[in-house]
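Structure file input_34.cif (mmCIF, C-alpha atoms) follows.
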data_upload
#
loop_
_atom_site.label_atom_id
_atom_site.label_comp_id
_atom_site.auth_asym_id
_atom_site.auth_seq_id
_atom_site.Cartn_x
_atom_site.Cartn_y
_atom_site.Cartn_z
CA MET A 1 -25.18 -21.99 4.08
CA ASN A 2 -23.33 -19.10 2.53
CA LYS A 3 -19.66 -18.86 3.43
CA PRO A 4 -18.42 -15.31 3.93
CA TYR A 5 -15.62 -14.04 1.69
CA ALA A 6 -12.29 -12.69 2.88
CA VAL A 7 -10.16 -10.56 0.54
CA SER A 8 -6.58 -11.53 -0.27
CA ALA A 9 -4.13 -9.42 -2.30
CA LYS A 10 -1.59 -11.33 -4.42
CA ALA A 11 1.23 -9.94 -6.54
CA VAL A 12 2.80 -10.82 -9.83
CA VAL A 13 6.24 -9.47 -8.89
CA ARG A 14 8.23 -8.64 -12.02
CA ASP A 15 11.95 -7.94 -12.20
CA SER A 16 13.72 -5.47 -14.48
CA ARG A 17 13.62 -8.02 -17.31
CA GLY A 18 9.88 -8.53 -16.92
CA ARG A 19 10.15 -12.01 -15.44
CA CYS A 20 7.54 -13.07 -12.87
CA LEU A 21 8.26 -14.47 -9.41
CA VAL A 22 6.65 -17.69 -8.22
CA LEU A 23 7.20 -19.33 -4.83
CA ARG A 24 6.83 -22.99 -3.91
CA ARG A 25 4.77 -23.72 -0.80
CA SER A 26 6.90 -25.65 1.65
CA GLY A 27 6.21 -29.28 2.52
CA ALA A 28 4.84 -28.29 5.93
CA SER A 29 2.04 -26.19 4.41
CA LYS A 30 -1.46 -27.20 5.46
CA ASN A 31 -2.87 -26.55 1.97
CA ASN A 32 -1.33 -27.04 -1.44
CA ALA A 33 2.13 -28.09 -0.21
CA GLY A 34 4.54 -28.27 -3.14
CA PHE A 35 2.41 -26.09 -5.40
CA TRP A 36 3.66 -22.77 -6.69
CA GLU A 37 2.02 -19.45 -5.89
CA PHE A 38 2.38 -15.69 -5.89
CA PRO A 39 3.45 -13.71 -2.80
CA GLY A 40 0.76 -11.91 -0.84
CA GLY A 41 -1.99 -12.72 1.59
CA LYS A 42 -5.06 -11.67 3.46
CA ILE A 43 -5.66 -7.95 3.69
CA ASP A 44 -5.64 -6.74 7.25
CA PRO A 45 -8.83 -4.70 7.73
CA VAL A 46 -6.95 -1.54 8.71
CA GLU A 47 -4.50 -1.67 5.80
CA HIS A 48 -4.70 -0.44 2.24
CA PRO A 49 -4.33 -3.49 -0.03
CA ASP A 50 -1.16 -2.20 -1.68
CA GLU A 51 0.47 -1.51 1.68
CA ALA A 52 -0.49 -4.98 2.89
CA LEU A 53 0.98 -6.43 -0.27
CA VAL A 54 4.30 -4.56 0.00
CA ARG A 55 4.63 -5.84 3.55
CA GLU A 56 3.79 -9.43 2.58
CA ILE A 57 6.22 -9.36 -0.35
CA ARG A 58 8.98 -8.15 1.96
CA GLU A 59 8.22 -10.85 4.55
CA GLU A 60 8.05 -13.64 1.99
CA THR A 61 10.86 -12.64 -0.37
CA GLY A 62 12.97 -9.88 1.22
CA LEU A 63 12.22 -7.76 -1.85
CA ASN A 64 11.21 -4.11 -1.77
CA ALA A 65 8.38 -3.92 -4.30
CA GLN A 66 6.36 -1.15 -5.84
CA VAL A 67 2.71 -1.93 -6.58
CA ILE A 68 1.79 -0.82 -10.11
CA ARG A 69 -1.74 -1.85 -11.06
CA VAL A 70 -4.62 -4.31 -10.71
CA VAL A 71 -4.36 -7.21 -13.17
CA GLY A 72 -7.03 -9.72 -12.23
CA ALA A 73 -9.26 -11.53 -9.78
CA GLY A 74 -9.98 -15.05 -8.62
CA GLU A 75 -11.42 -17.05 -5.79
CA SER A 76 -11.10 -20.20 -3.73
CA GLU A 77 -13.25 -22.08 -1.28
CA LEU A 78 -12.07 -23.33 2.10
CA PRO A 79 -14.05 -25.39 4.62
CA ASP A 80 -15.20 -22.31 6.55
CA ARG A 81 -14.94 -19.43 4.09
CA LYS A 82 -14.30 -18.25 0.58
CA VAL A 83 -11.38 -16.08 -0.47
CA ALA A 84 -11.63 -13.39 -3.16
CA TYR A 85 -8.22 -12.68 -4.70
CA LEU A 86 -7.17 -9.35 -6.12
CA PHE A 87 -4.06 -9.74 -8.27
CA PHE A 88 -1.75 -6.74 -8.58
CA GLU A 89 1.37 -6.29 -10.65
CA ALA A 90 4.43 -5.12 -8.70
CA ARG A 91 7.98 -4.23 -9.72
CA VAL A 92 11.33 -4.80 -8.08
CA ASP A 93 14.80 -3.61 -9.03
CA THR A 94 16.68 -6.61 -7.71
CA ASP A 95 15.97 -10.32 -8.01
CA ALA A 96 17.90 -11.37 -4.87
CA VAL A 97 15.15 -13.33 -3.13
CA GLN A 98 15.34 -14.42 0.50
CA LEU A 99 12.59 -16.90 1.32
CA SER A 100 10.73 -17.25 4.60
CA SER A 101 9.87 -20.66 6.05
CA GLU A 102 6.55 -20.52 4.20
CA HIS A 103 8.27 -21.40 0.90
CA ASP A 104 11.16 -23.67 -0.05
CA ALA A 105 11.94 -22.59 -3.62
CA PHE A 106 11.48 -19.68 -6.01
CA GLN A 107 11.69 -19.17 -9.74
CA TRP A 108 11.67 -16.19 -12.09
CA VAL A 109 9.63 -17.20 -15.13
CA GLU A 110 8.58 -15.52 -18.34
CA ARG A 111 5.03 -14.18 -18.27
CA SER A 112 4.03 -16.50 -21.12
CA GLU A 113 5.28 -19.48 -19.09
CA LEU A 114 3.20 -18.81 -15.96
CA LYS A 115 0.32 -20.93 -17.20
CA ASN A 116 2.66 -23.94 -17.49
CA ARG A 117 3.77 -23.86 -13.85
CA GLN A 118 2.08 -26.09 -11.28
CA LEU A 119 0.40 -23.22 -9.49
CA CYS A 120 -2.18 -23.70 -6.73
CA PRO A 121 -5.44 -24.53 -8.54
CA GLN A 122 -7.15 -21.29 -7.51
CA PHE A 123 -4.47 -19.25 -9.33
CA MET A 124 -4.62 -21.13 -12.63
CA PRO A 125 -7.59 -19.29 -14.23
CA PHE A 126 -5.85 -15.96 -13.63
CA ALA A 127 -2.45 -17.31 -14.77
CA ARG A 128 -3.88 -18.68 -18.02
CA GLU A 129 -5.55 -15.38 -18.80
CA TYR A 130 -2.61 -13.19 -17.75
CA SER A 131 -0.07 -15.37 -19.62
CA VAL A 132 -1.59 -14.56 -22.99
CA ARG A 133 -2.55 -10.91 -22.49
CA SER A 134 -0.24 -8.38 -24.08
CA ASP A 135 -0.88 -5.31 -21.89
CA MET B 136 3.92 9.98 -4.79
CA ASN B 137 2.13 6.67 -4.57
CA LYS B 138 -1.57 6.91 -3.95
CA PRO B 139 -2.95 4.24 -1.62
CA TYR B 140 -5.60 1.85 -2.92
CA ALA B 141 -9.02 1.34 -1.39
CA VAL B 142 -11.05 -1.77 -2.24
CA SER B 143 -14.54 -1.50 -3.70
CA ALA B 144 -16.89 -4.44 -4.32
CA LYS B 145 -19.25 -4.12 -7.30
CA ALA B 146 -21.94 -6.54 -8.44
CA VAL B 147 -23.28 -7.73 -11.73
CA VAL B 148 -26.79 -8.38 -10.42
CA ARG B 149 -28.61 -10.87 -12.65
CA ASP B 150 -32.32 -11.62 -12.66
CA SER B 151 -34.00 -14.99 -13.22
CA ARG B 152 -33.66 -14.49 -17.00
CA GLY B 153 -29.94 -13.79 -16.72
CA ARG B 154 -30.23 -10.10 -17.50
CA CYS B 155 -27.78 -7.70 -15.82
CA LEU B 156 -28.70 -4.60 -13.83
CA VAL B 157 -27.09 -1.23 -14.58
CA LEU B 158 -27.83 2.02 -12.77
CA ARG B 159 -27.44 5.56 -14.07
CA ARG B 160 -25.60 7.98 -11.81
CA SER B 161 -27.85 10.92 -11.03
CA GLY B 162 -27.12 14.41 -12.35
CA ALA B 163 -26.01 15.57 -8.91
CA SER B 164 -23.16 13.01 -8.77
CA LYS B 165 -19.70 14.51 -8.25
CA ASN B 166 -18.08 12.06 -10.66
CA ASN B 167 -19.41 10.46 -13.84
CA ALA B 168 -22.90 11.97 -13.64
CA GLY B 169 -25.11 10.40 -16.31
CA PHE B 170 -22.88 7.36 -16.78
CA TRP B 171 -24.10 3.86 -16.03
CA GLU B 172 -22.59 1.63 -13.37
CA PHE B 173 -23.02 -1.46 -11.25
CA PRO B 174 -24.35 -1.35 -7.68
CA GLY B 175 -21.82 -1.66 -4.87
CA GLY B 176 -19.21 0.44 -3.15
CA LYS B 177 -16.29 0.70 -0.82
CA ILE B 178 -15.79 -2.21 1.52
CA ASP B 179 -16.05 -1.20 5.12
CA PRO B 180 -12.92 -2.57 6.84
CA VAL B 181 -14.89 -4.63 9.33
CA GLU B 182 -17.20 -6.22 6.75
CA HIS B 183 -16.82 -9.24 4.53
CA PRO B 184 -16.98 -8.02 0.93
CA ASP B 185 -20.06 -10.08 0.09
CA GLU B 186 -21.92 -8.78 3.14
CA ALA B 187 -20.97 -5.20 2.23
CA LEU B 188 -22.20 -5.85 -1.29
CA VAL B 189 -25.56 -7.31 -0.22
CA ARG B 190 -26.12 -4.24 1.94
CA GLU B 191 -25.13 -1.82 -0.85
CA ILE B 192 -27.35 -3.60 -3.37
CA ARG B 193 -30.28 -3.34 -0.97
CA GLU B 194 -29.64 0.37 -0.34
CA GLU B 195 -29.25 1.23 -4.02
CA THR B 196 -31.92 -1.01 -5.57
CA GLY B 197 -34.18 -2.41 -2.84
CA LEU B 198 -33.27 -5.89 -4.09
CA ASN B 199 -32.36 -8.83 -1.88
CA ALA B 200 -29.35 -10.36 -3.65
CA GLN B 201 -27.30 -13.49 -3.21
CA VAL B 202 -23.58 -13.19 -4.01
CA ILE B 203 -22.45 -16.09 -6.21
CA ARG B 204 -18.85 -15.71 -7.35
CA VAL B 205 -15.96 -13.43 -8.27
CA VAL B 206 -15.99 -12.46 -11.95
CA GLY B 207 -13.33 -9.79 -12.44
CA ALA B 208 -11.23 -6.86 -11.30
CA GLY B 209 -10.50 -3.30 -12.32
CA GLU B 210 -9.20 -0.01 -11.04
CA SER B 211 -9.63 3.75 -11.17
CA GLU B 212 -7.59 6.74 -10.08
CA LEU B 213 -8.97 9.66 -8.08
CA PRO B 214 -7.12 12.83 -7.04
CA ASP B 215 -6.17 11.42 -3.66
CA ARG B 216 -6.31 7.65 -4.05
CA LYS B 217 -6.75 4.66 -6.31
CA VAL B 218 -9.63 2.22 -6.13
CA ALA B 219 -9.27 -1.51 -6.78
CA TYR B 220 -12.57 -3.05 -7.87
CA LEU B 221 -13.61 -6.62 -7.21
CA PHE B 222 -16.56 -7.59 -9.40
CA PHE B 223 -18.90 -10.27 -8.10
CA GLU B 224 -21.89 -11.89 -9.74
CA ALA B 225 -25.10 -11.80 -7.68
CA ARG B 226 -28.59 -13.20 -8.26
CA VAL B 227 -32.03 -11.87 -7.45
CA ASP B 228 -35.47 -13.46 -7.78
CA THR B 229 -37.37 -10.27 -8.53
CA ASP B 230 -36.57 -7.37 -10.83
CA ALA B 231 -38.67 -4.76 -8.98
CA VAL B 232 -36.00 -2.10 -8.50
CA GLN B 233 -36.42 0.86 -6.14
CA LEU B 234 -33.68 3.42 -6.71
CA SER B 235 -32.02 5.61 -4.09
CA SER B 236 -31.18 9.28 -4.78
CA GLU B 237 -27.76 8.16 -6.02
CA HIS B 238 -29.24 6.97 -9.33
CA ASP B 239 -32.01 8.24 -11.57
CA ALA B 240 -32.56 5.30 -13.94
CA PHE B 241 -32.01 1.56 -14.20
CA GLN B 242 -32.00 -0.99 -17.00
CA TRP B 243 -31.88 -4.76 -17.23
CA VAL B 244 -29.63 -5.62 -20.16
CA GLU B 245 -28.40 -8.81 -21.78
CA ARG B 246 -24.92 -9.81 -20.73
CA SER B 247 -23.68 -9.50 -24.31
CA GLU B 248 -24.98 -5.92 -24.41
CA LEU B 249 -23.12 -4.66 -21.34
CA LYS B 250 -20.11 -3.56 -23.38
CA ASN B 251 -22.39 -1.29 -25.47
CA ARG B 252 -23.74 0.70 -22.52
CA GLN B 253 -22.15 4.02 -21.57
CA LEU B 254 -20.66 2.72 -18.36
CA CYS B 255 -18.25 4.73 -16.18
CA PRO B 256 -14.88 4.46 -17.94
CA GLN B 257 -13.29 2.40 -15.15
CA PHE B 258 -15.88 -0.37 -15.64
CA MET B 259 -15.48 -0.69 -19.40
CA PRO B 260 -12.46 -3.04 -19.49
CA PHE B 261 -14.29 -5.48 -17.22
CA ALA B 262 -17.58 -5.09 -19.13
CA ARG B 263 -15.92 -5.77 -22.50
CA GLU B 264 -14.28 -8.90 -21.15
CA TYR B 265 -17.35 -10.16 -19.22
CA SER B 266 -19.71 -9.49 -22.16
CA VAL B 267 -17.99 -12.02 -24.37
CA ARG B 268 -17.14 -14.72 -21.83
CA SER B 269 -19.40 -17.76 -21.85
CA ASP B 270 -18.96 -19.06 -18.28
#

Structure encoded using structure tokens:
Amino acid sequence: MNKPYAVSAKAVVRDSRGRCLVLRRSGASKNNAGFWEFPGGKIDPVEHPDEALVREIREETGLNAQVIRVVGAGESELPDRKVAYLFFEARVDTDAVQLSSEHDAFQWVERSELKNRQLCPQFMPFAREYSVRSD
Amino acid sequence: MNKPYAVSAKAVVRDSRGRCLVLRRSGASKNNAGFWEFPGGKIDPVEHPDEALVREIREETGLNAQVIRVVGAGESELPDRKVAYLFFEARVDTDAVQLSSEHDAFQWVERSELKNRQLCPQFMPFAREYSVRSD
């Protein structure tokens, strides 16, 4: 049986020094507890993906982000569906993060270091590719 | 002013020999007339992207496709909005294409040749990258 896809928008949030924000999924998470990830989530059908992403970033980090561009894609498979990820780059002026209960730690890391973080498996192909690109 | 993004799903449709389908935009097209592109289009908010894509492929080519996986992303900018593209790979069992009025020619090309076709500019970064990948 084919599983239908849902679309999720995720952000590489970069601060004024170019560092990238990763969040650690809290121990209570159903999937991938303890793994690191990017802010963002499922796109509500009535939203534009960038507006959904700005809202998710604010909820998950307290940061006011500006979405800049599309930087990649990915996917994952859950028991009942697949998820297609659209990765955007976003910028923030401050790095004063306030986490929600969804995450229990955050780090600002150099772009080239992203591939060495223990990200959720479905984000690793994108992170490896994005880590070494120069654009 | 920030332009909001819309999401569009596009497909690299591959036949049983692995060749990839490209369609030429008809002369009456408002944008990019005469350029080549992939089937697909804007995701209707209430649809899953793969279901939208199967429908668009059928409308534009008459082919009954199966969506396989996510293979890339891209973007373009229009006067009033931006478009974020999600590229999927899809498979078909027959290569008997029936075009709609939207296109006036089609070609089945080797994957490695995609980057050498005169595709719409917004698809070129993806095509260059996908042409040389081996997965």

Explicit residue set for the PyMOL selection byres ((chain A and resi 23-26) around 7), as a PyMOL selection string
chain A and resi 21-22+27-29+32-38+102-107

Enumerate as a ChimeraX atom specification the residues belonging to chain A that approach chain B to within 7 Å, with all atoms listed in the file taken into account.
/A:4-6,45-46,48-50,70,72-75,84

Which residues match the PyMOL selection byres ((chain A and resi 116) around 12) in the file above, as an NGL selection string?
:A and (22 or 36 or 109-115 or 117-120 or 123-125 or 127-132)

List the neighbours of Ala11 (chain A) out to 8 Å using all atoms listed in the file; skip same-chain residues closer than 2 positions along the sequence, and give me the result as a PyMOL selection string.
chain A and resi 9+13+38-40+53+57+87-90

Record the distance separating CA of Asn31 (chain A) and CA of Asp270 (chain B), expressed in Å with one decimal.
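Straight-line distance from CA of Asn31 (chain A) to CA of Asp270 (chain B) works out to 26.9 Å.
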
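Here the PyMOL selection byres ((chain A and resi 16) around 10) catches exactly these residues: Arg14, Asp15, Arg17, Gly18, Arg19, Cys20, Arg91, Val92, Asp93, Thr94 and Asp95 of chain A.
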
Hey, can you spit out that residue selection with C-alpha atoms as an mmCIF file, in the coordinates of the input?
data_model
loop_
_atom_site.group_PDB
_atom_site.id
_atom_site.type_symbol
_atom_site.label_atom_id
_atom_site.label_comp_id
_atom_site.auth_asym_id
_atom_site.auth_seq_id
_atom_site.Cartn_x
_atom_site.Cartn_y
_atom_site.Cartn_z
ATOM 1 C CA ARG A 14 8.230 -8.640 -12.020
ATOM 2 C CA ASP A 15 11.950 -7.940 -12.200
ATOM 3 C CA ARG A 17 13.620 -8.020 -17.310
ATOM 4 C CA GLY A 18 9.880 -8.530 -16.920
ATOM 5 C CA ARG A 19 10.150 -12.010 -15.440
ATOM 6 C CA CYS A 20 7.540 -13.070 -12.870
ATOM 7 C CA ARG A 91 7.980 -4.230 -9.720
ATOM 8 C CA VAL A 92 11.330 -4.800 -8.080
ATOM 9 C CA ASP A 93 14.800 -3.610 -9.030
ATOM 10 C CA THR A 94 16.680 -6.610 -7.710
ATOM 11 C CA ASP A 95 15.970 -10.320 -8.010
#

Atom pair CA of Arg193 (chain B) / CA of Val147 (chain B): separation (Å):
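Computing the Euclidean distance for CA of Arg193 (chain B) and CA of Val147 (chain B) yields 13.6 Å.
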
With only C-alpha atoms as the basis for distance, which of A:Glu77, A:Ala96, A:Arg133, A:Gly41 is at the shortest distance from Gly62 (chain A)?
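That would be A:Ala96, the residue with the smallest distance to Gly62 (chain A).
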
To one decimal in Å, tell me the separation between CA of Thr61 (chain A) and CA of Arg216 (chain B).
26.8 Å

Provide an axis-aligned box for all listed atoms of region 180-188 of chain B, padding each side by 3 Å; report its centre and its edge lengths in Å to one decimal, as JSON.
{"center_x": -17.6, "center_y": -6.3, "center_z": 4.0, "size_x": 15.3, "size_y": 13.5, "size_z": 16.6}

Distance criterion (all atoms listed in the file): nearest to Glu191 (chain B) out of B:Leu234, B:Pro214, B:Trp243, B:Ser269
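Checking each candidate against Glu191 (chain B), we get B:Leu234 as the closest.
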
Assuming the input is short of atoms at region 227-261 of chain B, produce N, CA and C atoms for that part as a CSV table (one decimal), keeping the file's coordinate frame.
chain,number,residue,atom,x,y,z
B,227,VAL,N,-30.8,-12.3,-8.1
B,227,VAL,CA,-32.0,-11.9,-7.4
B,227,VAL,C,-33.2,-12.6,-8.1
B,228,ASP,N,-34.3,-12.7,-7.3
B,228,ASP,CA,-35.5,-13.5,-7.8
B,228,ASP,C,-36.5,-12.5,-8.4
B,229,THR,N,-36.4,-11.2,-8.0
B,229,THR,CA,-37.4,-10.3,-8.5
B,229,THR,C,-36.6,-9.1,-9.2
B,230,ASP,N,-37.3,-8.5,-10.2
B,230,ASP,CA,-36.6,-7.4,-10.8
B,230,ASP,C,-37.3,-6.0,-10.5
B,231,ALA,N,-38.0,-6.0,-9.4
B,231,ALA,CA,-38.7,-4.8,-9.0
B,231,ALA,C,-37.7,-3.8,-8.3
B,232,VAL,N,-37.0,-3.0,-9.0
B,232,VAL,CA,-36.0,-2.1,-8.5
B,232,VAL,C,-36.6,-0.8,-7.9
B,233,GLN,N,-36.1,-0.4,-6.7
B,233,GLN,CA,-36.4,0.9,-6.1
B,233,GLN,C,-35.1,1.6,-6.0
B,234,LEU,N,-34.9,2.7,-6.7
B,234,LEU,CA,-33.7,3.4,-6.7
B,234,LEU,C,-33.5,4.3,-5.5
B,235,SER,N,-32.3,4.6,-5.1
B,235,SER,CA,-32.0,5.6,-4.1
B,235,SER,C,-31.8,6.9,-4.8
B,236,SER,N,-31.4,8.0,-4.1
B,236,SER,CA,-31.2,9.3,-4.8
B,236,SER,C,-29.9,9.3,-5.6
B,237,GLU,N,-29.1,8.2,-5.3
B,237,GLU,CA,-27.8,8.2,-6.0
B,237,GLU,C,-27.9,7.9,-7.5
B,238,HIS,N,-29.0,7.3,-7.9
B,238,HIS,CA,-29.2,7.0,-9.3
B,238,HIS,C,-30.6,7.5,-9.8
B,239,ASP,N,-30.7,7.7,-11.1
B,239,ASP,CA,-32.0,8.2,-11.6
B,239,ASP,C,-32.6,7.4,-12.7
B,240,ALA,N,-32.0,6.2,-13.0
B,240,ALA,CA,-32.6,5.3,-13.9
B,240,ALA,C,-31.9,3.9,-13.8
B,241,PHE,N,-32.6,2.9,-14.2
B,241,PHE,CA,-32.0,1.6,-14.2
B,241,PHE,C,-32.4,0.8,-15.5
B,242,GLN,N,-31.7,-0.1,-15.9
B,242,GLN,CA,-32.0,-1.0,-17.0
B,242,GLN,C,-31.5,-2.4,-16.7
B,243,TRP,N,-32.3,-3.4,-17.2
B,243,TRP,CA,-31.9,-4.8,-17.2
B,243,TRP,C,-31.4,-5.1,-18.7
B,244,VAL,N,-30.2,-5.4,-18.8
B,244,VAL,CA,-29.6,-5.6,-20.2
B,244,VAL,C,-29.0,-7.0,-20.3
B,245,GLU,N,-29.0,-7.5,-21.5
B,245,GLU,CA,-28.4,-8.8,-21.8
B,245,GLU,C,-26.9,-8.7,-21.5
B,246,ARG,N,-26.4,-9.8,-21.0
B,246,ARG,CA,-24.9,-9.8,-20.7
B,246,ARG,C,-24.1,-9.4,-21.9
B,247,SER,N,-24.5,-9.8,-23.1
B,247,SER,CA,-23.7,-9.5,-24.3
B,247,SER,C,-23.8,-8.0,-24.7
B,248,GLU,N,-24.8,-7.3,-24.1
B,248,GLU,CA,-25.0,-5.9,-24.4
B,248,GLU,C,-24.3,-5.0,-23.5
B,249,LEU,N,-23.7,-5.5,-22.4
B,249,LEU,CA,-23.1,-4.7,-21.3
B,249,LEU,C,-22.0,-3.8,-21.9
B,250,LYS,N,-21.3,-4.3,-22.8
B,250,LYS,CA,-20.1,-3.6,-23.4
B,250,LYS,C,-20.6,-2.4,-24.2
B,251,ASN,N,-21.9,-2.4,-24.6
B,251,ASN,CA,-22.4,-1.3,-25.5
B,251,ASN,C,-23.1,-0.2,-24.7
B,252,ARG,N,-23.2,-0.3,-23.4
B,252,ARG,CA,-23.7,0.7,-22.5
B,252,ARG,C,-22.7,1.7,-22.2
B,253,GLN,N,-23.1,3.0,-21.9
B,253,GLN,CA,-22.2,4.0,-21.6
B,253,GLN,C,-21.9,3.9,-20.1
B,254,LEU,N,-21.0,2.9,-19.7
B,254,LEU,CA,-20.7,2.7,-18.4
B,254,LEU,C,-19.6,3.7,-18.0
B,255,CYS,N,-19.4,3.9,-16.7
B,255,CYS,CA,-18.2,4.7,-16.2
B,255,CYS,C,-17.0,4.1,-16.8
B,256,PRO,N,-16.0,5.0,-17.2
B,256,PRO,CA,-14.9,4.5,-17.9
B,256,PRO,C,-14.1,3.3,-17.2
B,257,GLN,N,-14.1,3.4,-15.9
B,257,GLN,CA,-13.3,2.4,-15.2
B,257,GLN,C,-13.9,1.0,-15.2
B,258,PHE,N,-15.2,0.9,-15.6
B,258,PHE,CA,-15.9,-0.4,-15.6
B,258,PHE,C,-15.9,-1.0,-17.0
B,259,MET,N,-15.4,-0.2,-18.0
B,259,MET,CA,-15.5,-0.7,-19.4
B,259,MET,C,-14.6,-1.9,-19.7
B,260,PRO,N,-13.3,-1.9,-19.2
B,260,PRO,CA,-12.5,-3.0,-19.5
B,260,PRO,C,-13.1,-4.3,-19.0
B,261,PHE,N,-13.6,-4.3,-17.7
B,261,PHE,CA,-14.3,-5.5,-17.2
B,261,PHE,C,-15.5,-5.8,-18.1
